[in-house]
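Okay, structure first, notes after.
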Amino acid sequence: MAKEKKVEQITDMEVDFAQWYTDICRKAELVEYASVKGFTILRPYGYAIWENMQRIMDAKFKETGHVNVAMPVLIPESLLKKEGELVNGFAPECAWVTRGGGEELEEPLAFRPTSETMFCDHWSRVLHSYRELPMLYNQWCSVVRWEKTTRPFLRSREFWWQEGHTIHETAEEAIAETEQQLNCYADFFENVLAIPVVRGQKTEKEKFAGAERTYCVECMMKDRKALQGATSHYFGDKFSRAYDVTFTGRDNKLQYPFQTSWGSTTRMIGAVIMCHGDNNGLVLPPMIAPIQVIVLPIAQHKPGVLEKAQELVDTLKAAGLRVQGDFSDNSPGWKFANWEMKGVPLRIEIGPKDMENNQCVAVRRDDREKQFLRLDELTEKVPQLLQAVQRDLLERARKNLEEHCYPAYSLEEAKQIQEEKGGFIKTMWCGELACEMRMKEEAGMSSRCVPFKQEQLSDVCPICGKPAKKMIYWGVAY
């Protein structure tokens with residue numbers, strides 16, 4: 001008898017969270033390591049998740065008037081250097097092309113680490129009048145940043161993302177755009193990825209190189225570490241001036257437009273893994289799951305079982321769901337473990353006894369709750385179950401966030417809470433860089449954001465004792 005193949009086990013998250021994460025990335029067949037160090041291959045199942053994210057986000061962007069463009073992957077060194085803060089911020093991470101067609105290039109070309117420079121160069125050529133504004137562009141592409149330490153989805157030398165770039169007639173319009181897109185990201189995280197976020201502004205130290213303001217959404221993972229979900233930047237007219245982007249204004253005089261950029265990446269897949277996954281593997285919110293329902297025939301060798309299972313697949317597909325049947329000769333136990341590993345939100349089982357009773361068994365991936373469904377009400381009940389999974393994943397994640405946000409009134413207390421409990425530590429802050437650096441050096445926490453929803457915890461900064469200006473979140477971050 002042939003030996004039955006087994007689904008590979010993953011490390012328990014309580015034993016080694018980092019290894020648990022890597023195990024899921026590989027054994028759920030999301031990614032594989034490439035032959036170039038620091039690069040990963042996004043496998044079909046991982047890419048299908050990204051495609052669903054793209055589809056939903058792209059539709060949201062277009063609802064607000066944004067259009068997609070494609071910029072070159074290579075940036076001339078001289079172009080990159082025109083805005084000093086940007087090049088200084090990305091210089092350590094740039095990868096360069098110095099030869100082409102076997103010959104030395106006249107000027108080194110950088111693989112894009114981000115595309116502000118290319119957009120500005122383009123706008124300097126095509127923008128003429130205020131009547132052409134705003135220009136609301138978005139690009140889906142990959143970028144290269146030469147990271148020293150890499151981990152699938154979270155940090156790699158090439159990653160996939162969308163980067164929005166817009167220019168506006170007035171500062172007020174650009175600021176409104178920056179805030180609008182941050183709220184778009186927050187809604188996407190909560191309503192699609194089922195991940196609650198803290199919305200806020202980055203400190204001067206943590207803001208994007210060249211930006212006047214950087215807004216962000218911060219997430220909490222199951223190990224109570226922070227993950228920056230997405231960012232939105234207001235540049236003012238700094239880049240426009242550096243790249244000589246001008247337009248004729250309403251007063252018939254040349255003016256500089258105001259610019260924004262905003263982006264999210266495949267890091268969101270990592271966030272989904274670490275926010276919802278468990279010791280059996282991936283747990284996917286139905287909104288982004290490549291397969292929302294897996295149909296498994298039980299005792300499929302018996303007459304009519306395979307045919308009935310295929311009928312269920314066809315019925316659910318016709319109802320607009322993403323459904324697949326597993327008709328392989330693997331055992332039911334292997335199939336259960338395999339599809340749990342891949343995080344499919346709902347499993348439908350159908351066997352001879354179920355057929356006799358005109359029913360099937362439905363098993364939720366998130367809590368393994370099992371219930372019997374009548375076959376004639378399948379197209380009504382299955383969408384309801386998927387909605388319940390989506391809702392409950394968000395509620396569990398929100399509970400994790402709310403239960404692990406702690407106020408602290410001294411540096412020592414903040415350090416102790418982080419060491420014992422993890423999570424987000426919220427304190428008052430004087431706004432000084434010295435205190436921000438001291439928190440990092442002595443408590444091991446970076447500033448996550450100054451939240452839009454402020455609380456008055458006290459009147460003084462717990463680090464230096466000076467008058468406090470605002471409340472801030474601290475955390476250990478990926």
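All residue names refer to the structure tokens as shown: chains lettered A, B, ... in order, residues numbered from 1 in each chain, ligands numbered from 1 in order.
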
(Q) Applying 12 Å and only C-alpha atoms, which residues near His122 of chain A remain after dropping the ones on its own chain fewer than 4 positions away? List them as a ChimeraX atom specification. (A) /A:69-72,79,115-118,126-128,135,137,165,167,240,243-246

Go ahead and save the residues from that selection, with C-alpha atoms, as a PDB file, in the first residue's frame.
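Result saved to again_27.pdb:
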```pdb
ATOM      1  CA  VAL A  69      -0.247  55.049 -15.215  1.00  0.00           C
ATOM      2  CA  ALA A  70       3.082  53.229 -15.656  1.00  0.00           C
ATOM      3  CA  MET A  71       6.461  54.857 -15.060  1.00  0.00           C
ATOM      4  CA  PRO A  72       9.920  53.501 -16.023  1.00  0.00           C
ATOM      5  CA  LEU A  79      17.185  63.077 -11.489  1.00  0.00           C
ATOM      6  CA  SER A 115       8.701  57.176  -8.032  1.00  0.00           C
ATOM      7  CA  GLU A 116       8.290  60.788  -6.896  1.00  0.00           C
ATOM      8  CA  THR A 117      11.174  61.866  -9.129  1.00  0.00           C
ATOM      9  CA  MET A 118       9.771  60.227 -12.261  1.00  0.00           C
ATOM     10  CA  VAL A 126       3.034  67.946 -19.564  1.00  0.00           C
ATOM     11  CA  LEU A 127       1.486  70.365 -17.044  1.00  0.00           C
ATOM     12  CA  HIS A 128       0.640  73.812 -18.429  1.00  0.00           C
ATOM     13  CA  MET A 135      -3.679  65.193 -11.759  1.00  0.00           C
ATOM     14  CA  TYR A 137      -2.319  59.227 -10.717  1.00  0.00           C
ATOM     15  CA  HIS A 165       1.011  60.474  -6.852  1.00  0.00           C
ATOM     16  CA  ILE A 167      -0.589  67.337  -7.845  1.00  0.00           C
ATOM     17  CA  SER A 240       7.595  70.954  -7.626  1.00  0.00           C
ATOM     18  CA  TYR A 243      11.914  69.633 -10.455  1.00  0.00           C
ATOM     19  CA  ASP A 244      10.603  72.885 -11.940  1.00  0.00           C
ATOM     20  CA  VAL A 245       6.988  71.732 -12.170  1.00  0.00           C
ATOM     21  CA  THR A 246       4.917  74.837 -12.888  1.00  0.00           C
TER      22      THR A 246
END
```

Check the DSSP output for the backbone and give back, as a PDB file with N, CA and C atoms, in the first residue's frame, the residues of segment 130-356 of chain A in strand (DSSP E).
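Done, and the output landed in states_38.pdb:
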```pdb
ATOM      1  N   MET A 135      -4.065  66.424 -11.076  1.00  0.00           N
ATOM      2  CA  MET A 135      -3.679  65.193 -11.759  1.00  0.00           C
ATOM      3  C   MET A 135      -3.590  64.102 -10.693  1.00  0.00           C
ATOM      4  N   LEU A 136      -4.479  63.140 -10.808  1.00  0.00           N
ATOM      5  CA  LEU A 136      -4.620  62.106  -9.773  1.00  0.00           C
ATOM      6  C   LEU A 136      -4.178  60.764 -10.336  1.00  0.00           C
ATOM      7  N   TYR A 137      -2.911  60.421 -10.110  1.00  0.00           N
ATOM      8  CA  TYR A 137      -2.319  59.227 -10.717  1.00  0.00           C
ATOM      9  C   TYR A 137      -2.058  58.139  -9.673  1.00  0.00           C
ATOM     10  N   ASN A 138      -2.101  56.907 -10.155  1.00  0.00           N
ATOM     11  CA  ASN A 138      -1.727  55.751  -9.328  1.00  0.00           C
ATOM     12  C   ASN A 138      -0.963  54.767 -10.207  1.00  0.00           C
ATOM     13  N   GLN A 139      -0.052  54.050  -9.587  1.00  0.00           N
ATOM     14  CA  GLN A 139       0.751  53.066 -10.315  1.00  0.00           C
ATOM     15  C   GLN A 139       0.823  51.765  -9.525  1.00  0.00           C
ATOM     16  N   TRP A 140       0.563  50.644 -10.206  1.00  0.00           N
ATOM     17  CA  TRP A 140       0.752  49.302  -9.628  1.00  0.00           C
ATOM     18  C   TRP A 140       2.057  48.750 -10.201  1.00  0.00           C
ATOM     19  N   CYS A 141       3.013  48.458  -9.352  1.00  0.00           N
ATOM     20  CA  CYS A 141       4.315  48.030  -9.849  1.00  0.00           C
ATOM     21  C   CYS A 141       5.106  47.371  -8.728  1.00  0.00           C
ATOM     22  N   SER A 142       6.364  47.063  -9.007  1.00  0.00           N
ATOM     23  CA  SER A 142       7.277  46.630  -7.949  1.00  0.00           C
ATOM     24  C   SER A 142       8.383  47.655  -7.823  1.00  0.00           C
ATOM     25  N   VAL A 143       9.000  47.707  -6.649  1.00  0.00           N
ATOM     26  CA  VAL A 143      10.145  48.579  -6.416  1.00  0.00           C
ATOM     27  C   VAL A 143      11.262  47.750  -5.791  1.00  0.00           C
ATOM     28  N   VAL A 144      12.471  48.279  -5.855  1.00  0.00           N
ATOM     29  CA  VAL A 144      13.639  47.584  -5.307  1.00  0.00           C
ATOM     30  C   VAL A 144      14.278  48.455  -4.231  1.00  0.00           C
ATOM     31  N   GLU A 158      12.768  43.282  -3.343  1.00  0.00           N
ATOM     32  CA  GLU A 158      11.770  43.715  -4.326  1.00  0.00           C
ATOM     33  C   GLU A 158      10.410  43.406  -3.746  1.00  0.00           C
ATOM     34  N   PHE A 159       9.505  44.368  -3.839  1.00  0.00           N
ATOM     35  CA  PHE A 159       8.144  44.093  -3.369  1.00  0.00           C
ATOM     36  C   PHE A 159       7.149  44.789  -4.281  1.00  0.00           C
ATOM     37  N   TRP A 160       5.918  44.310  -4.225  1.00  0.00           N
ATOM     38  CA  TRP A 160       4.848  44.828  -5.079  1.00  0.00           C
ATOM     39  C   TRP A 160       4.000  45.798  -4.275  1.00  0.00           C
ATOM     40  N   TRP A 161       3.570  46.853  -4.940  1.00  0.00           N
ATOM     41  CA  TRP A 161       2.773  47.856  -4.240  1.00  0.00           C
ATOM     42  C   TRP A 161       1.960  48.686  -5.218  1.00  0.00           C
ATOM     43  N   GLN A 162       1.195  49.604  -4.652  1.00  0.00           N
ATOM     44  CA  GLN A 162       0.621  50.684  -5.440  1.00  0.00           C
ATOM     45  C   GLN A 162       1.168  51.967  -4.853  1.00  0.00           C
ATOM     46  N   GLU A 163       1.487  52.907  -5.726  1.00  0.00           N
ATOM     47  CA  GLU A 163       1.932  54.219  -5.260  1.00  0.00           C
ATOM     48  C   GLU A 163       1.113  55.282  -5.963  1.00  0.00           C
ATOM     49  N   GLY A 164       0.367  56.027  -5.175  1.00  0.00           N
ATOM     50  CA  GLY A 164      -0.414  57.130  -5.720  1.00  0.00           C
ATOM     51  C   GLY A 164       0.412  58.405  -5.703  1.00  0.00           C
ATOM     52  N   HIS A 165       0.309  59.195  -6.760  1.00  0.00           N
ATOM     53  CA  HIS A 165       1.011  60.474  -6.852  1.00  0.00           C
ATOM     54  C   HIS A 165       0.054  61.492  -7.448  1.00  0.00           C
ATOM     55  N   THR A 166      -0.139  62.598  -6.756  1.00  0.00           N
ATOM     56  CA  THR A 166      -1.087  63.605  -7.234  1.00  0.00           C
ATOM     57  C   THR A 166      -0.503  65.005  -7.098  1.00  0.00           C
ATOM     58  N   ILE A 167      -0.943  65.918  -7.978  1.00  0.00           N
ATOM     59  CA  ILE A 167      -0.589  67.337  -7.845  1.00  0.00           C
ATOM     60  C   ILE A 167      -1.862  68.159  -7.906  1.00  0.00           C
ATOM     61  N   HIS A 168      -1.824  69.291  -7.168  1.00  0.00           N
ATOM     62  CA  HIS A 168      -3.026  70.094  -6.957  1.00  0.00           C
ATOM     63  C   HIS A 168      -2.714  71.574  -7.072  1.00  0.00           C
ATOM     64  N   VAL A 198      -4.981  52.134  14.050  1.00  0.00           N
ATOM     65  CA  VAL A 198      -4.870  53.440  14.693  1.00  0.00           C
ATOM     66  C   VAL A 198      -4.437  54.421  13.611  1.00  0.00           C
ATOM     67  N   ARG A 199      -5.211  55.472  13.406  1.00  0.00           N
ATOM     68  CA  ARG A 199      -4.887  56.491  12.405  1.00  0.00           C
ATOM     69  C   ARG A 199      -4.140  57.632  13.088  1.00  0.00           C
ATOM     70  N   GLY A 200      -3.073  58.106  12.445  1.00  0.00           N
ATOM     71  CA  GLY A 200      -2.337  59.196  13.061  1.00  0.00           C
ATOM     72  C   GLY A 200      -1.281  59.765  12.152  1.00  0.00           C
ATOM     73  N   GLN A 201      -0.454  60.632  12.725  1.00  0.00           N
ATOM     74  CA  GLN A 201       0.611  61.307  11.992  1.00  0.00           C
ATOM     75  C   GLN A 201       1.961  60.851  12.532  1.00  0.00           C
ATOM     76  N   ARG A 213       4.402  66.258   5.864  1.00  0.00           N
ATOM     77  CA  ARG A 213       3.638  65.456   6.829  1.00  0.00           C
ATOM     78  C   ARG A 213       3.497  64.042   6.291  1.00  0.00           C
ATOM     79  N   THR A 214       3.553  63.076   7.186  1.00  0.00           N
ATOM     80  CA  THR A 214       3.253  61.687   6.829  1.00  0.00           C
ATOM     81  C   THR A 214       2.178  61.171   7.771  1.00  0.00           C
ATOM     82  N   TYR A 215       1.083  60.704   7.191  1.00  0.00           N
ATOM     83  CA  TYR A 215       0.026  60.060   7.961  1.00  0.00           C
ATOM     84  C   TYR A 215       0.142  58.546   7.792  1.00  0.00           C
ATOM     85  N   CYS A 216      -0.360  57.795   8.759  1.00  0.00           N
ATOM     86  CA  CYS A 216      -0.219  56.337   8.676  1.00  0.00           C
ATOM     87  C   CYS A 216      -1.382  55.638   9.361  1.00  0.00           C
ATOM     88  N   VAL A 217      -1.533  54.349   9.029  1.00  0.00           N
ATOM     89  CA  VAL A 217      -2.408  53.462   9.786  1.00  0.00           C
ATOM     90  C   VAL A 217      -1.517  52.393  10.413  1.00  0.00           C
ATOM     91  N   GLU A 218      -1.644  52.227  11.717  1.00  0.00           N
ATOM     92  CA  GLU A 218      -0.826  51.273  12.471  1.00  0.00           C
ATOM     93  C   GLU A 218      -1.699  50.114  12.942  1.00  0.00           C
ATOM     94  N   CYS A 219      -1.179  48.911  12.793  1.00  0.00           N
ATOM     95  CA  CYS A 219      -1.919  47.689  13.137  1.00  0.00           C
ATOM     96  C   CYS A 219      -1.197  46.952  14.258  1.00  0.00           C
ATOM     97  N   MET A 220      -1.941  46.121  14.990  1.00  0.00           N
ATOM     98  CA  MET A 220      -1.338  45.269  16.003  1.00  0.00           C
ATOM     99  C   MET A 220      -1.468  43.805  15.604  1.00  0.00           C
ATOM    100  N   ALA A 226       3.774  45.978  16.535  1.00  0.00           N
ATOM    101  CA  ALA A 226       3.129  46.908  15.611  1.00  0.00           C
ATOM    102  C   ALA A 226       3.567  46.638  14.182  1.00  0.00           C
ATOM    103  N   LEU A 227       2.680  46.929  13.257  1.00  0.00           N
ATOM    104  CA  LEU A 227       3.006  46.873  11.840  1.00  0.00           C
ATOM    105  C   LEU A 227       2.413  48.103  11.165  1.00  0.00           C
ATOM    106  N   GLN A 228       3.255  48.876  10.493  1.00  0.00           N
ATOM    107  CA  GLN A 228       2.754  50.016   9.724  1.00  0.00           C
ATOM    108  C   GLN A 228       2.035  49.495   8.500  1.00  0.00           C
ATOM    109  N   GLY A 229       0.741  49.810   8.380  1.00  0.00           N
ATOM    110  CA  GLY A 229      -0.060  49.242   7.313  1.00  0.00           C
ATOM    111  C   GLY A 229       0.044  49.971   5.988  1.00  0.00           C
ATOM    112  N   ALA A 230      -0.040  51.303   6.012  1.00  0.00           N
ATOM    113  CA  ALA A 230       0.020  52.119   4.801  1.00  0.00           C
ATOM    114  C   ALA A 230       0.316  53.543   5.221  1.00  0.00           C
ATOM    115  N   THR A 231       0.805  54.350   4.274  1.00  0.00           N
ATOM    116  CA  THR A 231       1.150  55.736   4.580  1.00  0.00           C
ATOM    117  C   THR A 231       0.642  56.675   3.494  1.00  0.00           C
ATOM    118  N   SER A 232       0.436  57.931   3.888  1.00  0.00           N
ATOM    119  CA  SER A 232      -0.021  58.969   2.967  1.00  0.00           C
ATOM    120  C   SER A 232       0.763  60.242   3.290  1.00  0.00           C
ATOM    121  N   HIS A 233       1.370  60.866   2.263  1.00  0.00           N
ATOM    122  CA  HIS A 233       2.312  61.961   2.484  1.00  0.00           C
ATOM    123  C   HIS A 233       1.863  63.251   1.796  1.00  0.00           C
ATOM    124  N   TYR A 234       2.040  64.346   2.507  1.00  0.00           N
ATOM    125  CA  TYR A 234       1.833  65.672   1.931  1.00  0.00           C
ATOM    126  C   TYR A 234       3.206  66.309   1.748  1.00  0.00           C
ATOM    127  N   PHE A 235       3.525  66.741   0.515  1.00  0.00           N
ATOM    128  CA  PHE A 235       4.841  67.274   0.194  1.00  0.00           C
ATOM    129  C   PHE A 235       4.889  68.796   0.100  1.00  0.00           C
ATOM    130  N   GLY A 236       3.740  69.465   0.113  1.00  0.00           N
ATOM    131  CA  GLY A 236       3.765  70.880  -0.177  1.00  0.00           C
ATOM    132  C   GLY A 236       4.210  71.100  -1.618  1.00  0.00           C
ATOM    133  N   PHE A 247       2.747  75.720 -13.460  1.00  0.00           N
ATOM    134  CA  PHE A 247       1.550  75.867 -14.289  1.00  0.00           C
ATOM    135  C   PHE A 247       1.126  77.332 -14.261  1.00  0.00           C
ATOM    136  N   THR A 248       0.397  77.719 -15.275  1.00  0.00           N
ATOM    137  CA  THR A 248      -0.138  79.070 -15.325  1.00  0.00           C
ATOM    138  C   THR A 248      -1.416  79.116 -14.505  1.00  0.00           C
ATOM    139  N   LEU A 254       2.929  82.154 -13.355  1.00  0.00           N
ATOM    140  CA  LEU A 254       3.440  80.795 -13.115  1.00  0.00           C
ATOM    141  C   LEU A 254       3.407  80.475 -11.624  1.00  0.00           C
ATOM    142  N   GLN A 255       2.938  79.268 -11.320  1.00  0.00           N
ATOM    143  CA  GLN A 255       2.846  78.813  -9.929  1.00  0.00           C
ATOM    144  C   GLN A 255       3.362  77.380  -9.825  1.00  0.00           C
ATOM    145  N   PHE A 258       1.000  71.681  -5.649  1.00  0.00           N
ATOM    146  CA  PHE A 258       1.229  71.006  -4.374  1.00  0.00           C
ATOM    147  C   PHE A 258       1.023  69.503  -4.569  1.00  0.00           C
ATOM    148  N   GLN A 259       1.890  68.735  -3.941  1.00  0.00           N
ATOM    149  CA  GLN A 259       1.987  67.314  -4.287  1.00  0.00           C
ATOM    150  C   GLN A 259       1.714  66.394  -3.100  1.00  0.00           C
ATOM    151  N   THR A 260       1.206  65.197  -3.426  1.00  0.00           N
ATOM    152  CA  THR A 260       1.033  64.136  -2.429  1.00  0.00           C
ATOM    153  C   THR A 260       1.566  62.819  -2.992  1.00  0.00           C
ATOM    154  N   SER A 261       1.820  61.897  -2.096  1.00  0.00           N
ATOM    155  CA  SER A 261       1.987  60.501  -2.522  1.00  0.00           C
ATOM    156  C   SER A 261       1.473  59.613  -1.408  1.00  0.00           C
ATOM    157  N   TRP A 262       1.074  58.396  -1.752  1.00  0.00           N
ATOM    158  CA  TRP A 262       0.503  57.477  -0.771  1.00  0.00           C
ATOM    159  C   TRP A 262       0.666  56.055  -1.301  1.00  0.00           C
ATOM    160  N   GLY A 263       0.899  55.110  -0.398  1.00  0.00           N
ATOM    161  CA  GLY A 263       1.190  53.760  -0.874  1.00  0.00           C
ATOM    162  C   GLY A 263       0.864  52.664   0.127  1.00  0.00           C
ATOM    163  N   SER A 264       0.599  51.498  -0.422  1.00  0.00           N
ATOM    164  CA  SER A 264       0.422  50.270   0.360  1.00  0.00           C
ATOM    165  C   SER A 264       1.046  49.131  -0.436  1.00  0.00           C
ATOM    166  N   THR A 265       1.442  48.071   0.247  1.00  0.00           N
ATOM    167  CA  THR A 265       2.251  47.033  -0.380  1.00  0.00           C
ATOM    168  C   THR A 265       1.746  45.637  -0.046  1.00  0.00           C
ATOM    169  N   VAL A 293     -14.893  29.107  -0.554  1.00  0.00           N
ATOM    170  CA  VAL A 293     -15.522  27.855  -0.116  1.00  0.00           C
ATOM    171  C   VAL A 293     -14.817  26.690  -0.796  1.00  0.00           C
ATOM    172  N   ILE A 294     -14.432  25.691  -0.017  1.00  0.00           N
ATOM    173  CA  ILE A 294     -13.890  24.452  -0.576  1.00  0.00           C
ATOM    174  C   ILE A 294     -14.917  23.346  -0.323  1.00  0.00           C
ATOM    175  N   VAL A 295     -15.277  22.632  -1.364  1.00  0.00           N
ATOM    176  CA  VAL A 295     -16.260  21.548  -1.255  1.00  0.00           C
ATOM    177  C   VAL A 295     -15.516  20.219  -1.260  1.00  0.00           C
ATOM    178  N   LEU A 296     -15.737  19.411  -0.218  1.00  0.00           N
ATOM    179  CA  LEU A 296     -15.051  18.132  -0.087  1.00  0.00           C
ATOM    180  C   LEU A 296     -16.049  16.985  -0.092  1.00  0.00           C
ATOM    181  N   PRO A 297     -15.949  16.057  -1.046  1.00  0.00           N
ATOM    182  CA  PRO A 297     -16.788  14.856  -1.022  1.00  0.00           C
ATOM    183  C   PRO A 297     -16.266  13.884   0.028  1.00  0.00           C
ATOM    184  N   VAL A 323     -15.405  29.380  -5.477  1.00  0.00           N
ATOM    185  CA  VAL A 323     -15.584  28.022  -4.942  1.00  0.00           C
ATOM    186  C   VAL A 323     -14.702  27.043  -5.702  1.00  0.00           C
ATOM    187  N   GLN A 324     -14.233  26.050  -4.997  1.00  0.00           N
ATOM    188  CA  GLN A 324     -13.458  24.982  -5.629  1.00  0.00           C
ATOM    189  C   GLN A 324     -13.800  23.669  -4.960  1.00  0.00           C
ATOM    190  N   GLY A 325     -13.750  22.579  -5.714  1.00  0.00           N
ATOM    191  CA  GLY A 325     -13.938  21.250  -5.147  1.00  0.00           C
ATOM    192  C   GLY A 325     -12.616  20.512  -5.109  1.00  0.00           C
ATOM    193  N   LEU A 346     -14.445  28.773   4.461  1.00  0.00           N
ATOM    194  CA  LEU A 346     -15.550  27.859   4.731  1.00  0.00           C
ATOM    195  C   LEU A 346     -15.341  26.542   4.002  1.00  0.00           C
ATOM    196  N   ARG A 347     -15.545  25.457   4.730  1.00  0.00           N
ATOM    197  CA  ARG A 347     -15.456  24.111   4.155  1.00  0.00           C
ATOM    198  C   ARG A 347     -16.848  23.483   4.125  1.00  0.00           C
ATOM    199  N   ILE A 348     -17.216  22.943   2.966  1.00  0.00           N
ATOM    200  CA  ILE A 348     -18.481  22.236   2.814  1.00  0.00           C
ATOM    201  C   ILE A 348     -18.184  20.759   2.594  1.00  0.00           C
ATOM    202  N   GLU A 349     -18.780  19.884   3.417  1.00  0.00           N
ATOM    203  CA  GLU A 349     -18.596  18.444   3.284  1.00  0.00           C
ATOM    204  C   GLU A 349     -19.916  17.811   2.858  1.00  0.00           C
ATOM    205  N   ILE A 350     -19.830  16.878   1.922  1.00  0.00           N
ATOM    206  CA  ILE A 350     -21.028  16.163   1.464  1.00  0.00           C
ATOM    207  C   ILE A 350     -20.701  14.690   1.303  1.00  0.00           C
TER     208      ILE A 350
END
```

Q) Quick one: of A:Trp123, A:Trp474, A:Phe188, A:Phe372, who's nearest to Gln54 of chain A, counting only C-alpha atoms? A)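 Result for the nearest residue to Gln54 of chain A: A:Phe188.
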
Q: Record the distance separating atom CA of Val460 of chain A and atom CA of Arg224 of chain A, expressed in Å with one decimal.
A: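 Between atom CA of Val460 of chain A and atom CA of Arg224 of chain A the gap works out to 26.7 Å.
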
Sort by chain and increasing residue number a table of all residues of segment 22-68 of chain A within 10 Å of segment 9-17 of chain A, each with its closest pair of atoms and their distance in Å to one decimal, counting only C-alpha atoms, and write it as a tab-separated table.
```
residue	atom	partner	partner_atom	distance
A:Thr22	CA	A:Phe17	CA	8.7
A:Asp23	CA	A:Ile10	CA	5.6
A:Ile24	CA	A:Ile10	CA	6.9
A:Arg26	CA	A:Ile10	CA	9.9
A:Lys27	CA	A:Ile10	CA	7.9
A:Ala28	CA	A:Ile10	CA	9.9
```

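For Met274 of chain A, the non-local neighbours within 9 Å, defined as residues at least 6 positions apart in the same chain or in other chains and counting only C-alpha atoms, are A:Phe17, A:Tyr21, A:Met220, A:Met221, A:Lys222, A:Asp223, A:Leu282.
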
Q: Quick one: everything within 9 Å of Cys184 of chain A, counting only C-alpha atoms, minus sequence neighbours fewer than 3 positions away in the same chain. Send it as a ChimeraX atom specification.
A: /A:57,60-61,179-181,187-189

Q) In segment 371-429 of chain A, what's helix (DSSP H, G or I) per DSSP? Answer as a PyMOL selection string? A) chain A and resi 375-403+411-420

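Among the candidate residues A:Met428, A:Val305, A:Leu411, A:Val382, the one lying nearest to Lys466 of chain A is A:Met428, with distances computed using only C-alpha atoms.
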
Q) Restricting the calculation to only C-alpha atoms, which member of A:Cys25, A:Lys426, A:Glu377, A:His276 is positioned closest to Arg396 of chain A? A)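 Looking at the shortest contact to Arg396 of chain A, the residue is A:His276.
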
Q: Skip Ala34 of chain A itself and residues of its chain fewer than 5 positions away, then list as a ChimeraX atom specification all residues within 12 Å of it, counting only C-alpha atoms.
A: /A:39-43,152,156-158

(Q) Please determine, counting only C-alpha atoms, which residue among A:Arg398, A:Lys225, A:Lys469, A:Lys415 has the shortest atom-to-atom distance to Ala443 of chain A. (A) A:Lys415

Q: Show which residues sit within 8 Å of Leu74 of chain A, as a list in words. Count only C-alpha atoms, and ignore same-chain residues fewer than 4 positions away.
A: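 Once the nearby chain positions are removed, what remains is Leu109, Ala110, Phe111 and Arg112 of chain A.
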
List as a short mmCIF file (atom, residue, chain, number, x, y, z; two decimals) with N, CA and C atoms, in the first residue's frame the protein and nucleic acid residues near Leu457 of chain A, meaning an atom at most 9 Å away when only C-alpha atoms are counted, but skip any in the same chain fewer than 6 places from it.
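Contents of around-v2.cif, freshly written:
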```cif
data_model
loop_
_atom_site.label_atom_id
_atom_site.label_comp_id
_atom_site.auth_asym_id
_atom_site.auth_seq_id
_atom_site.Cartn_x
_atom_site.Cartn_y
_atom_site.Cartn_z
N PRO A 407 -1.84 52.85 28.93
CA PRO A 407 -1.26 54.15 29.27
C PRO A 407 -0.05 53.98 30.18
N ALA A 408 0.92 54.86 30.05
CA ALA A 408 2.07 54.84 30.94
C ALA A 408 2.40 56.28 31.33
N TYR A 409 2.91 56.44 32.56
CA TYR A 409 3.13 57.78 33.10
C TYR A 409 4.60 58.04 33.45
N LYS A 426 0.78 54.10 25.26
CA LYS A 426 0.44 55.48 24.96
C LYS A 426 0.85 56.38 26.13
N THR A 427 1.54 57.45 25.79
CA THR A 427 1.99 58.40 26.78
C THR A 427 1.79 59.82 26.24
N MET A 428 1.93 60.78 27.13
CA MET A 428 2.03 62.16 26.68
C MET A 428 3.46 62.37 26.19
N MET A 471 -0.50 63.37 22.84
CA MET A 471 -0.37 61.95 23.19
C MET A 471 0.22 61.20 22.00
#
```

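Across A:Leu306, A:Leu193, A:Ala414, A:Val344, the tightest approach to Asn52 of chain A is made by A:Leu193 when counting only C-alpha atoms.
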
Q: Could you tell me how far atom CA of Val73 of chain A lies from atom CA of Thr178 of chain A, in Å and to one decimal?
A: 24.7 Å

Q: Tell me, in Å to one decimal, how far atom CA of Glu369 of chain A is from atom CA of Ala271 of chain A.
A: 24.2 Å
